[in-house]
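S.K.: This one is entry_0.txt, compact mmCIF, C-alpha atoms.
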# COMPACT_ATOMS: atom_id res chain seq x y z
CA MET A 15 -7.32 35.34 -4.80
CA LYS A 16 -4.27 33.63 -6.23
CA LYS A 17 -4.32 30.49 -8.39
CA VAL A 18 -2.72 27.06 -7.76
CA ILE A 19 -2.53 24.21 -10.27
CA VAL A 20 -2.05 20.64 -9.04
CA VAL A 21 -0.96 18.09 -11.64
CA GLY A 22 -1.94 14.51 -10.79
CA GLY A 23 -5.10 13.23 -9.13
CA GLY A 24 -3.68 10.49 -6.94
CA ALA A 25 -3.38 10.53 -3.16
CA ALA A 26 -0.74 13.28 -2.98
CA GLY A 27 -2.43 15.39 -5.64
CA MET A 28 -5.90 15.21 -4.12
CA MET A 29 -4.54 16.12 -0.70
CA ALA A 30 -2.45 18.98 -2.16
CA ALA A 31 -5.46 20.39 -4.01
CA LEU A 32 -7.66 20.11 -0.92
CA SER A 33 -5.03 21.78 1.26
CA ALA A 34 -4.49 24.64 -1.22
CA ALA A 35 -8.22 25.22 -1.66
CA ARG A 36 -8.83 25.28 2.08
CA GLY A 37 -6.05 27.88 2.22
CA LYS A 38 -8.28 30.13 0.09
CA ALA A 39 -6.43 29.61 -3.20
CA GLU A 40 -8.31 29.16 -6.46
CA THR A 41 -7.30 25.56 -7.19
CA ILE A 42 -7.32 23.51 -10.39
CA LEU A 43 -6.62 19.77 -10.18
CA ILE A 44 -5.57 18.27 -13.51
CA GLU A 45 -5.70 14.50 -14.10
CA LYS A 46 -4.98 12.77 -17.41
CA ASN A 47 -7.07 9.71 -16.52
CA GLU A 48 -10.85 9.50 -16.73
CA LYS A 49 -11.15 9.43 -12.93
CA LEU A 50 -9.26 10.37 -9.78
CA GLY A 51 -7.22 7.97 -7.66
CA LYS A 52 -6.70 5.10 -10.10
CA LYS A 53 -3.77 3.74 -8.11
CA ILE A 54 -5.68 4.05 -4.84
CA TYR A 55 -8.28 1.67 -6.26
CA ILE A 56 -5.74 -1.16 -6.28
CA THR A 57 -3.88 -0.44 -3.05
CA GLY A 58 -4.26 -2.90 -0.21
CA LYS A 59 -5.61 -5.47 -2.71
CA GLY A 60 -8.52 -3.17 -3.44
CA ARG A 61 -9.21 -2.38 0.22
CA CYS A 62 -6.96 0.72 0.43
CA ASN A 63 -4.51 0.65 3.32
CA VAL A 64 -5.07 4.36 4.01
CA THR A 65 -2.29 4.87 6.57
CA ASN A 66 -0.72 3.29 9.62
CA ASP A 67 -2.00 4.26 13.06
CA CYS A 68 1.40 4.48 14.73
CA ASP A 69 3.62 6.84 16.65
CA PRO A 70 6.20 8.99 14.81
CA ASP A 71 9.14 6.74 15.73
CA THR A 72 7.43 3.74 14.16
CA PHE A 73 6.58 5.73 11.04
CA PHE A 74 10.14 6.91 10.50
CA ARG A 75 11.55 3.43 11.19
CA ASN A 76 9.47 2.21 8.27
CA VAL A 77 10.71 4.88 5.86
CA VAL A 78 13.56 3.30 3.89
CA THR A 79 14.85 6.30 1.92
CA ASN A 80 15.48 9.82 3.30
CA PRO A 81 13.25 9.69 6.40
CA LYS A 82 14.63 12.96 7.83
CA PHE A 83 13.40 14.84 4.76
CA LEU A 84 9.84 14.04 5.86
CA TYR A 85 10.05 15.49 9.38
CA SER A 86 8.22 18.75 8.59
CA ALA A 87 5.66 17.07 6.35
CA TYR A 88 4.81 14.26 8.79
CA TYR A 89 4.78 16.30 11.99
CA GLY A 90 2.63 18.86 10.18
CA TYR A 91 0.11 16.23 9.06
CA ASP A 92 0.48 12.82 10.66
CA SER A 93 -1.58 9.62 10.50
CA ALA A 94 -3.99 10.85 13.19
CA SER A 95 -4.70 13.91 11.03
CA VAL A 96 -5.46 11.71 8.00
CA ILE A 97 -7.72 9.40 10.00
CA GLY A 98 -9.57 12.38 11.47
CA LEU A 99 -10.02 14.05 8.08
CA ILE A 100 -11.47 10.96 6.42
CA GLU A 101 -13.76 9.98 9.28
CA GLN A 102 -15.05 13.52 9.75
CA ASN A 103 -16.08 13.46 6.11
CA GLY A 104 -18.21 10.37 6.26
CA CYS A 105 -15.91 7.39 5.67
CA GLN A 106 -15.46 5.24 8.76
CA LEU A 107 -12.11 3.51 9.23
CA LYS A 108 -10.84 0.47 11.16
CA THR A 109 -7.38 -0.52 12.39
CA GLU A 110 -6.09 -4.03 11.78
CA ARG A 111 -2.94 -6.01 12.58
CA GLY A 112 0.26 -3.96 12.58
CA GLY A 113 -1.60 -0.63 12.77
CA ARG A 114 -2.89 -0.89 9.19
CA VAL A 115 -5.90 1.35 8.64
CA PHE A 116 -8.67 0.47 6.14
CA PRO A 117 -12.17 1.72 5.39
CA VAL A 118 -14.74 -0.28 7.36
CA SER A 119 -16.37 -1.22 4.07
CA ASP A 120 -13.11 -2.73 2.73
CA HIS A 121 -13.72 -0.78 -0.50
CA SER A 122 -11.01 1.59 -1.74
CA SER A 123 -13.67 3.33 -3.82
CA ASP A 124 -15.08 4.79 -0.59
CA ILE A 125 -11.80 6.64 0.02
CA ILE A 126 -11.87 8.04 -3.53
CA ARG A 127 -15.48 9.11 -3.08
CA CYS A 128 -14.66 10.76 0.23
CA PHE A 129 -11.87 12.86 -1.30
CA SER A 130 -13.92 13.66 -4.40
CA ASP A 131 -16.68 15.01 -2.16
CA MET A 132 -14.21 17.06 -0.12
CA LEU A 133 -12.64 18.53 -3.28
CA LYS A 134 -16.07 19.50 -4.58
CA LYS A 135 -17.06 21.15 -1.29
CA ALA A 136 -13.75 23.05 -1.23
CA GLY A 137 -14.46 24.41 -4.72
CA VAL A 138 -11.58 22.66 -6.50
CA ASP A 139 -11.90 22.74 -10.30
CA VAL A 140 -11.22 19.08 -11.21
CA ARG A 141 -10.31 18.55 -14.87
CA LEU A 142 -10.21 14.92 -15.98
CA ASN A 143 -8.98 13.53 -19.31
CA THR A 144 -6.60 16.48 -19.45
CA LYS A 145 -2.93 15.86 -20.12
CA VAL A 146 -0.22 18.29 -19.05
CA THR A 147 2.44 18.34 -21.77
CA ASP A 148 4.88 20.86 -20.28
CA LEU A 149 5.50 23.38 -17.55
CA LEU A 150 5.54 27.12 -18.22
CA ILE A 151 8.85 28.35 -16.84
CA LYS A 152 10.70 31.61 -17.36
CA ASN A 153 13.65 33.03 -15.45
CA ASN A 154 13.65 29.99 -13.13
CA LYS A 155 10.08 30.69 -12.13
CA CYS A 156 7.06 28.49 -12.87
CA TYR A 157 3.95 30.36 -13.95
CA GLY A 158 1.65 27.61 -15.22
CA VAL A 159 1.27 24.51 -17.39
CA ARG A 160 0.54 23.59 -21.00
CA VAL A 161 -2.30 21.09 -21.41
CA LYS A 162 -3.83 19.02 -24.15
CA THR A 163 -7.57 18.29 -24.13
CA ASN A 164 -9.38 16.73 -27.10
CA ASN A 165 -6.35 17.49 -29.32
CA LYS A 166 -6.49 21.15 -28.36
CA HIS A 167 -3.53 22.82 -26.65
CA GLU A 168 -3.94 25.47 -23.99
CA ASP A 169 -1.68 27.36 -21.60
CA ILE A 170 -3.07 27.73 -18.08
CA LYS A 171 -1.33 30.32 -15.93
CA ALA A 172 -1.07 30.14 -12.15
CA ASP A 173 0.84 31.56 -9.22
CA SER A 174 2.07 28.12 -8.16
CA VAL A 175 2.21 24.63 -9.67
CA ILE A 176 2.32 21.42 -7.61
CA LEU A 177 3.50 18.26 -9.35
CA ALA A 178 2.03 15.04 -7.93
CA THR A 179 2.42 12.81 -10.98
CA GLY A 180 3.68 9.70 -9.16
CA GLY A 181 6.50 7.34 -10.00
CA LEU A 182 6.76 4.51 -12.50
CA SER A 183 4.98 1.68 -10.69
CA TYR A 184 1.74 0.28 -12.17
CA GLU A 185 1.87 1.97 -15.58
CA SER A 186 -1.71 0.80 -16.17
CA THR A 187 -2.82 3.49 -13.70
CA GLY A 188 -1.17 6.20 -15.79
CA ALA A 189 2.13 6.31 -13.91
CA THR A 190 4.58 7.10 -16.70
CA GLY A 191 7.06 9.34 -14.90
CA ASP A 192 6.03 12.57 -16.65
CA GLY A 193 6.78 14.82 -13.71
CA ILE A 194 10.16 13.23 -13.10
CA ARG A 195 11.10 13.87 -16.73
CA TRP A 196 10.02 17.50 -16.51
CA ALA A 197 11.97 17.96 -13.30
CA LYS A 198 15.08 16.51 -14.95
CA TYR A 199 14.66 18.71 -18.03
CA TYR A 200 14.51 21.80 -15.83
CA GLY A 201 17.72 20.94 -14.01
CA HIS A 202 16.76 18.78 -11.03
CA ASP A 203 18.89 15.81 -10.00
CA ILE A 204 17.11 12.50 -10.42
CA LYS A 205 18.02 9.46 -8.38
CA THR A 206 17.78 6.33 -10.53
CA CYS A 207 14.25 4.95 -10.40
CA ARG A 208 13.96 1.28 -9.39
CA PRO A 209 11.01 -0.99 -8.64
CA ALA A 210 10.49 -1.48 -4.90
CA LEU A 211 8.09 -3.55 -2.81
CA VAL A 212 8.28 -6.01 -5.67
CA PRO A 213 8.82 -9.79 -6.10
CA PHE A 214 12.25 -11.32 -6.76
CA GLU A 215 13.25 -13.49 -9.68
CA THR A 216 15.67 -16.21 -8.54
CA LYS A 217 18.21 -18.43 -10.25
CA GLU A 218 16.92 -21.73 -8.85
CA GLU A 219 14.56 -23.51 -11.24
CA TRP A 220 13.08 -25.70 -8.49
CA VAL A 221 11.00 -22.72 -7.27
CA ARG A 222 8.58 -23.51 -10.12
CA GLU A 223 7.75 -26.81 -8.44
CA LEU A 224 6.65 -24.84 -5.37
CA GLN A 225 4.56 -22.27 -7.27
CA GLY A 226 1.66 -21.09 -5.12
CA LEU A 227 3.06 -22.49 -1.87
CA SER A 228 2.73 -19.97 0.96
CA LEU A 229 4.86 -20.19 4.08
CA LYS A 230 4.21 -18.45 7.39
CA ASN A 231 6.46 -17.72 10.36
CA ILE A 232 9.73 -18.03 8.49
CA SER A 233 12.78 -15.80 8.64
CA LEU A 234 14.57 -14.33 5.65
CA ASP A 235 18.09 -12.93 5.65
CA MET A 236 19.54 -11.15 2.63
CA TYR A 237 23.29 -11.13 2.09
CA ASP A 238 25.94 -9.73 -0.19
CA GLU A 239 28.51 -12.43 0.58
CA LYS A 240 29.02 -12.01 4.36
CA LYS A 241 27.38 -8.57 4.60
CA LYS A 242 23.79 -8.80 5.87
CA ILE A 243 21.53 -6.32 4.07
CA TYR A 244 18.21 -7.27 5.60
CA SER A 245 16.71 -9.63 8.16
CA GLY A 246 12.99 -10.19 8.65
CA PHE A 247 10.27 -12.57 9.80
CA GLY A 248 6.84 -13.26 8.34
CA GLU A 249 5.05 -14.67 5.30
CA MET A 250 6.21 -15.39 1.75
CA MET A 251 5.13 -17.34 -1.31
CA PHE A 252 6.88 -19.18 -4.12
CA THR A 253 6.04 -18.30 -7.72
CA HIS A 254 6.96 -19.66 -11.15
CA PHE A 255 9.80 -17.10 -11.33
CA GLY A 256 10.96 -16.80 -7.72
CA VAL A 257 9.43 -15.49 -4.50
CA THR A 258 6.92 -12.88 -3.36
CA GLY A 259 4.77 -12.06 -0.31
CA PRO A 260 5.06 -9.45 2.47
CA LEU A 261 8.46 -10.59 3.73
CA VAL A 262 9.95 -10.61 0.23
CA LEU A 263 8.44 -7.24 -0.74
CA THR A 264 10.02 -5.65 2.32
CA ALA A 265 13.39 -7.21 1.48
CA SER A 266 13.13 -5.86 -2.07
CA SER A 267 13.09 -2.26 -0.83
CA TYR A 268 16.36 -2.80 1.01
CA PHE A 269 17.72 -4.58 -2.07
CA ALA A 270 16.86 -1.61 -4.29
CA SER A 271 18.38 0.83 -1.81
CA TYR A 272 21.58 -1.23 -1.51
CA ILE A 273 21.98 -1.74 -5.26
CA ALA A 274 21.44 1.97 -5.88
CA LYS A 275 24.68 2.56 -3.98
CA LYS A 276 26.50 -0.57 -5.21
CA PRO A 277 25.14 -1.46 -8.66
CA ASP A 278 28.07 -3.81 -9.35
CA ARG A 279 26.84 -6.09 -6.53
CA ALA A 280 23.42 -6.77 -8.08
CA ASN A 281 24.38 -10.31 -9.13
CA ASN A 282 25.81 -11.27 -5.75
CA ILE A 283 22.72 -11.13 -3.54
CA LYS A 284 21.45 -14.25 -1.77
CA LEU A 285 18.32 -14.91 0.24
CA ILE A 286 18.64 -17.38 3.12
CA LEU A 287 15.33 -18.83 4.35
CA ASP A 288 14.94 -20.43 7.77
CA LEU A 289 11.89 -22.65 7.30
CA LYS A 290 11.88 -23.70 10.95
CA ASN A 291 12.59 -20.42 12.65
CA ALA A 292 10.93 -21.45 15.95
CA LEU A 293 13.34 -24.36 16.46
CA THR A 294 17.04 -24.26 17.21
CA HIS A 295 19.37 -26.55 15.29
CA GLU A 296 19.36 -29.00 18.21
CA GLN A 297 15.57 -28.89 18.67
CA LEU A 298 15.03 -29.52 14.97
CA ASP A 299 17.44 -32.44 15.10
CA LYS A 300 15.45 -34.03 17.95
CA ARG A 301 12.22 -33.43 16.03
CA ILE A 302 13.59 -35.15 12.92
CA ILE A 303 14.89 -38.07 14.99
CA ARG A 304 11.38 -38.55 16.42
CA ASP A 305 9.89 -38.50 12.93
CA PHE A 306 12.49 -40.97 11.69
CA GLU A 307 11.63 -43.30 14.57
CA LYS A 308 7.93 -42.95 13.75
CA TYR A 309 8.55 -43.83 10.09
CA ASN A 310 11.36 -46.27 10.88
CA ASN A 311 10.61 -48.75 8.09
CA LYS A 312 9.83 -46.20 5.38
CA GLN A 313 11.99 -44.69 2.65
CA PHE A 314 13.50 -41.25 3.32
CA LYS A 315 11.22 -39.60 0.72
CA ASN A 316 8.19 -40.76 2.74
CA SER A 317 9.44 -39.67 6.16
CA LEU A 318 8.94 -35.88 6.05
CA ASN A 319 5.14 -35.59 5.86
CA ASP A 320 4.83 -34.34 9.45
CA LEU A 321 7.60 -31.78 8.95
CA LEU A 322 6.92 -30.16 5.58
CA PRO A 323 4.11 -29.30 3.13
CA SER A 324 3.73 -32.17 0.67
CA SER A 325 4.69 -30.08 -2.37
CA MET A 326 7.98 -29.12 -0.73
CA ILE A 327 9.12 -32.63 0.17
CA PRO A 328 10.49 -33.69 -3.27
CA VAL A 329 12.49 -30.44 -3.49
CA ILE A 330 13.96 -30.77 0.00
CA VAL A 331 14.79 -34.44 -0.60
CA ARG A 332 16.63 -33.52 -3.77
CA LEU A 333 18.50 -30.60 -2.17
CA SER A 334 19.55 -32.79 0.76
CA GLY A 335 21.44 -35.19 -1.50
CA ILE A 336 20.08 -38.12 0.48
CA ASP A 337 18.97 -41.08 -1.64
CA PRO A 338 15.15 -40.80 -1.65
CA GLU A 339 14.82 -44.60 -1.68
CA LYS A 340 17.09 -45.01 1.33
CA ALA A 341 15.51 -46.61 4.40
CA VAL A 342 15.07 -43.89 6.98
CA ASN A 343 16.81 -45.97 9.67
CA LEU A 344 19.94 -45.95 7.49
CA VAL A 345 20.17 -42.16 7.19
CA THR A 346 23.46 -41.14 8.81
CA ARG A 347 23.97 -38.39 11.36
CA GLU A 348 25.94 -36.38 8.77
CA GLU A 349 23.09 -36.69 6.28
CA ARG A 350 20.62 -35.62 8.93
CA GLN A 351 22.74 -32.58 9.76
CA GLY A 352 22.84 -31.69 6.08
CA LEU A 353 19.04 -31.85 5.96
CA ILE A 354 18.82 -29.53 8.98
CA ASN A 355 21.21 -27.06 7.33
CA ILE A 356 18.90 -26.87 4.30
CA LEU A 357 15.76 -26.41 6.37
CA LYS A 358 17.36 -23.62 8.39
CA GLY A 359 19.35 -22.15 5.53
CA MET A 360 17.56 -22.64 2.20
CA GLU A 361 19.52 -20.56 -0.29
CA LEU A 362 18.11 -18.55 -3.17
CA ASN A 363 20.22 -16.50 -5.59
CA VAL A 364 18.57 -13.26 -6.71
CA LEU A 365 18.63 -12.60 -10.44
CA LYS A 366 16.68 -9.33 -10.28
CA THR A 367 13.44 -7.81 -9.11
CA ARG A 368 10.34 -7.91 -11.29
CA ASP A 369 9.59 -4.77 -13.29
CA PHE A 370 7.66 -1.61 -12.46
CA ASN A 371 4.33 -3.08 -13.47
CA GLU A 372 4.51 -5.45 -10.49
CA ALA A 373 6.08 -2.95 -8.10
CA ILE A 374 3.93 -1.33 -5.43
CA ILE A 375 6.14 1.77 -5.38
CA THR A 376 9.04 3.46 -7.13
CA GLN A 377 12.32 3.95 -5.31
CA GLY A 378 14.29 6.94 -6.53
CA GLY A 379 13.03 10.10 -8.19
CA ILE A 380 13.67 13.80 -7.62
CA SER A 381 16.58 14.31 -5.24
CA VAL A 382 15.50 15.65 -1.87
CA LYS A 383 18.51 17.97 -2.04
CA ASN A 384 16.63 19.95 -4.69
CA ILE A 385 13.50 20.37 -2.54
CA ASN A 386 12.87 22.54 0.51
CA PRO A 387 11.62 20.05 3.15
CA SER A 388 9.72 22.81 5.00
CA THR A 389 7.56 23.71 1.99
CA MET A 390 8.07 21.06 -0.76
CA GLU A 391 9.11 23.88 -3.11
CA SER A 392 11.85 23.32 -5.66
CA LYS A 393 15.13 24.99 -4.74
CA LEU A 394 15.80 25.55 -8.45
CA ILE A 395 12.46 26.74 -9.84
CA LYS A 396 10.43 29.22 -7.81
CA ASN A 397 6.70 28.45 -7.34
CA LEU A 398 7.15 24.81 -8.41
CA TYR A 399 6.34 22.19 -5.76
CA PHE A 400 6.68 18.40 -5.60
CA CYS A 401 4.94 15.76 -3.51
CA GLY A 402 4.28 12.03 -3.34
CA GLU A 403 5.99 9.14 -5.07
CA MET A 404 7.95 11.24 -7.56
CA ILE A 405 10.24 12.35 -4.72
CA ASP A 406 13.15 10.13 -3.63
CA VAL A 407 11.41 8.91 -0.46
CA ASP A 408 9.77 5.54 0.08
CA ALA A 409 8.68 3.22 2.85
CA LEU A 410 7.69 -0.35 3.63
CA THR A 411 4.22 -1.84 3.25
CA GLY A 412 1.56 -1.16 5.86
CA GLY A 413 0.11 2.22 4.84
CA PHE A 414 3.36 4.15 5.20
CA ASN A 415 3.72 5.11 1.53
CA LEU A 416 0.20 6.51 1.37
CA GLN A 417 0.98 8.47 4.52
CA ILE A 418 4.01 9.97 2.74
CA ALA A 419 1.66 11.01 -0.07
CA TRP A 420 -0.88 12.56 2.33
CA SER A 421 1.76 14.38 4.41
CA SER A 422 3.84 15.73 1.52
CA GLY A 423 0.72 16.67 -0.45
CA HIS A 424 -0.77 18.53 2.48
CA LEU A 425 2.46 20.47 3.06
CA ALA A 426 2.80 21.40 -0.62
CA GLY A 427 -0.80 22.64 -0.81
CA GLU A 428 -0.51 24.51 2.47
CA SER A 429 2.74 26.15 1.35
CA THR A 430 1.32 27.40 -1.93
CA SER A 431 -1.72 28.88 -0.28
CA GLU A 432 0.43 30.62 2.34
CA SER A 433 2.97 31.86 -0.18
CA VAL A 434 0.41 33.31 -2.57
CA ASN A 435 -1.74 35.20 -0.08
Turn the structure described in the file into structure tokens.
M.R.:
Amino acid sequence: MKKVIVVGGGAAGMMAALSAARGKAETILIEKNEKLGKKIYITGKGRCNVTNDCDPDTFFRNVVTNPKFLYSAYYGYDSASVIGLIEQNGCQLKTERGGRVFPVSDHSSDIIRCFSDMLKKAGVDVRLNTKVTDLLIKNNKCYGVRVKTNNKHEDIKADSVILATGGLSYESTGATGDGIRWAKYYGHDIKTCRPALVPFETKEEWVRELQGLSLKNISLDMYDEKKKIYSGFGEMMFTHFGVTGPLVLTASSYFASYIAKKPDRANNIKLILDLKNALTHEQLDKRIIRDFEKYNNKQFKNSLNDLLPSSMIPVIVRLSGIDPEKAVNLVTREERQGLINILKGMELNVLKTRDFNEAIITQGGISVKNINPSTMESKLIKNLYFCGEMIDVDALTGGFNLQIAWSSGHLAGESTSESVN
């Protein structure tokens, strides 16, 4: 029996270790934290959005970076495979809006427990509180890892090593980019790592007045001058520094991808919000006219209560340039058109994204050009495999990133067990 070492006990690492062990390899799973799956505990707001129950076309449409690289991994182990594996091992799942899959219990800890049980049954040697400090490589061939446990150093030899050490997002979970640094040191190309699925900081100070305000059913377009980078529809929320929420997080992934190619354009990105997406310009004009007639004798600042959340009214009044004390029956057609333009084209200037500690995922990492997509093995170092977030692949919210981890981890584990037998 040959030996496989998996470094990293997150989603990709647990799946890789399980896959290798089921392929009859003696498998060691090394995790520097005190428990497995620390990042899984916080995914889906603690509920764990395990995967997305969708067809392949939908999955690949939701992969932002290098979707074609994942063809072998996904078709070899798709969302149906993940759902079947988890349910067959005692954790019942449910599918919610948009194909999002969660444990019935709504507890991410149940997913961790399920995988821990499977690893134990498969005979995986799980070593917690053990830090890998380096890879053992000679003649472009990996033959093990160097670890540190209780201030003692030890070399552990193996036939194959799988790195599943994650990216840089949520450092509190132990994501410090170790594997990416090792890969770079041993000659792999690294695509610049950027926070993705992350809130935006914006230039406008008035967003602070709207802190905590959530908006539903709005559209968001992201532009670099006249070039549209992203267009979406959904929910968002204002914060003390800018904007967040599902719609914004999705936009941030396209922002990161765009800026990776055009870093000099980072300070030129605008978000345009249509607060009344369901109404055309003309329909909104008629609606405002009705409201103005209803509040005919009131001041302009007191005429928008039926149209907008109360906290937003002072901001919109100020942005419109209309005198707030002006009688509503004296508001001109031009002023009304200006108000409509703001409601259907509220402009926000992006300063930057928030940092990695608020990012759901990392965009960037080990270049897919250095990895064999059919096996997840490095093209530069024999018997060294990569999977999960450390690779330059990422997707939108909805369970797609965890599916990347499951699929790539399964393929890496399967490949090592096949290659060593």
S.K.: With a distance cut-off of 12 Å and all atoms listed in the file, select the neighbouring residues of A:Ala197, excluding the residue or stretch itself and same-chain residues fewer than 2 positions from it, and output the selection as an mmCIF file with C-alpha atoms, in the frame of the given file.
M.R.:
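Generated file (out07.cif):
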data_model
loop_
_atom_site.group_PDB
_atom_site.id
_atom_site.type_symbol
_atom_site.label_atom_id
_atom_site.label_comp_id
_atom_site.auth_asym_id
_atom_site.auth_seq_id
_atom_site.Cartn_x
_atom_site.Cartn_y
_atom_site.Cartn_z
ATOM 1 C CA ASP A 148 4.880 20.860 -20.280
ATOM 2 C CA LEU A 149 5.500 23.380 -17.550
ATOM 3 C CA ILE A 151 8.850 28.350 -16.840
ATOM 4 C CA CYS A 156 7.060 28.490 -12.870
ATOM 5 C CA ILE A 176 2.320 21.420 -7.610
ATOM 6 C CA LEU A 177 3.500 18.260 -9.350
ATOM 7 C CA ALA A 178 2.030 15.040 -7.930
ATOM 8 C CA THR A 179 2.420 12.810 -10.980
ATOM 9 C CA GLY A 191 7.060 9.340 -14.900
ATOM 10 C CA ASP A 192 6.030 12.570 -16.650
ATOM 11 C CA GLY A 193 6.780 14.820 -13.710
ATOM 12 C CA ILE A 194 10.160 13.230 -13.100
ATOM 13 C CA ARG A 195 11.100 13.870 -16.730
ATOM 14 C CA TYR A 199 14.660 18.710 -18.030
ATOM 15 C CA TYR A 200 14.510 21.800 -15.830
ATOM 16 C CA GLY A 201 17.720 20.940 -14.010
ATOM 17 C CA HIS A 202 16.760 18.780 -11.030
ATOM 18 C CA ASP A 203 18.890 15.810 -10.000
ATOM 19 C CA ILE A 204 17.110 12.500 -10.420
ATOM 20 C CA LYS A 205 18.020 9.460 -8.380
ATOM 21 C CA GLY A 379 13.030 10.100 -8.190
ATOM 22 C CA ILE A 380 13.670 13.800 -7.620
ATOM 23 C CA SER A 381 16.580 14.310 -5.240
ATOM 24 C CA ASN A 384 16.630 19.950 -4.690
ATOM 25 C CA ILE A 385 13.500 20.370 -2.540
ATOM 26 C CA SER A 392 11.850 23.320 -5.660
ATOM 27 C CA LYS A 393 15.130 24.990 -4.740
ATOM 28 C CA LEU A 394 15.800 25.550 -8.450
ATOM 29 C CA ILE A 395 12.460 26.740 -9.840
ATOM 30 C CA LEU A 398 7.150 24.810 -8.410
ATOM 31 C CA TYR A 399 6.340 22.190 -5.760
ATOM 32 C CA PHE A 400 6.680 18.400 -5.600
ATOM 33 C CA MET A 404 7.950 11.240 -7.560
ATOM 34 C CA ILE A 405 10.240 12.350 -4.720
#
S.K.: Kindly assemble as a Markdown table a list of the stretch 284-313 of chain A residues that lie within 12 Å of stretch 344-349 of chain A, each paired with its nearest atom pair and their distance in Å to one decimal, using all atoms listed in the file, sorted first by chain and then by ascending residue number.
M.R.:
| residue | atom | partner | partner_atom | distance |
| --- | --- | --- | --- | --- |
| A:Asp299 | CA | A:Arg347 | CA | 9.6 |
| A:Lys300 | CA | A:Arg347 | CA | 11.6 |
| A:Ile302 | CA | A:Arg347 | CA | 11.0 |
| A:Ile303 | CA | A:Arg347 | CA | 9.8 |
| A:Phe306 | CA | A:Val345 | CA | 9.0 |
| A:Glu307 | CA | A:Leu344 | CA | 11.2 |
| A:Tyr309 | CA | A:Leu344 | CA | 11.9 |
| A:Asn310 | CA | A:Leu344 | CA | 9.2 |
| A:Asn311 | CA | A:Leu344 | CA | 9.8 |
| A:Lys312 | CA | A:Leu344 | CA | 10.3 |
| A:Gln313 | CA | A:Leu344 | CA | 9.4 |
S.K.: Between A:Asn291, A:Gln297, A:Ser317, A:Ser325, which is the closest to A:Phe252 once you count all atoms listed in the file?
M.R.: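 Smallest distance to A:Phe252 is found for A:Ser325.
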S.K.: Would you kindly return, as a PyMOL selection string, each protein, DNA or RNA residue with an atom no farther than 7 Å from any atom of A:Met251, considering only C-alpha atoms and excluding same-chain residues fewer than 6 positions away?
M.R.: chain A and resi 226-229+257-259
S.K.: So how far away is atom CA of A:Asn165 from atom CA of A:Leu50, in Å?
M.R.: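 It comes out at 21.0 Å.
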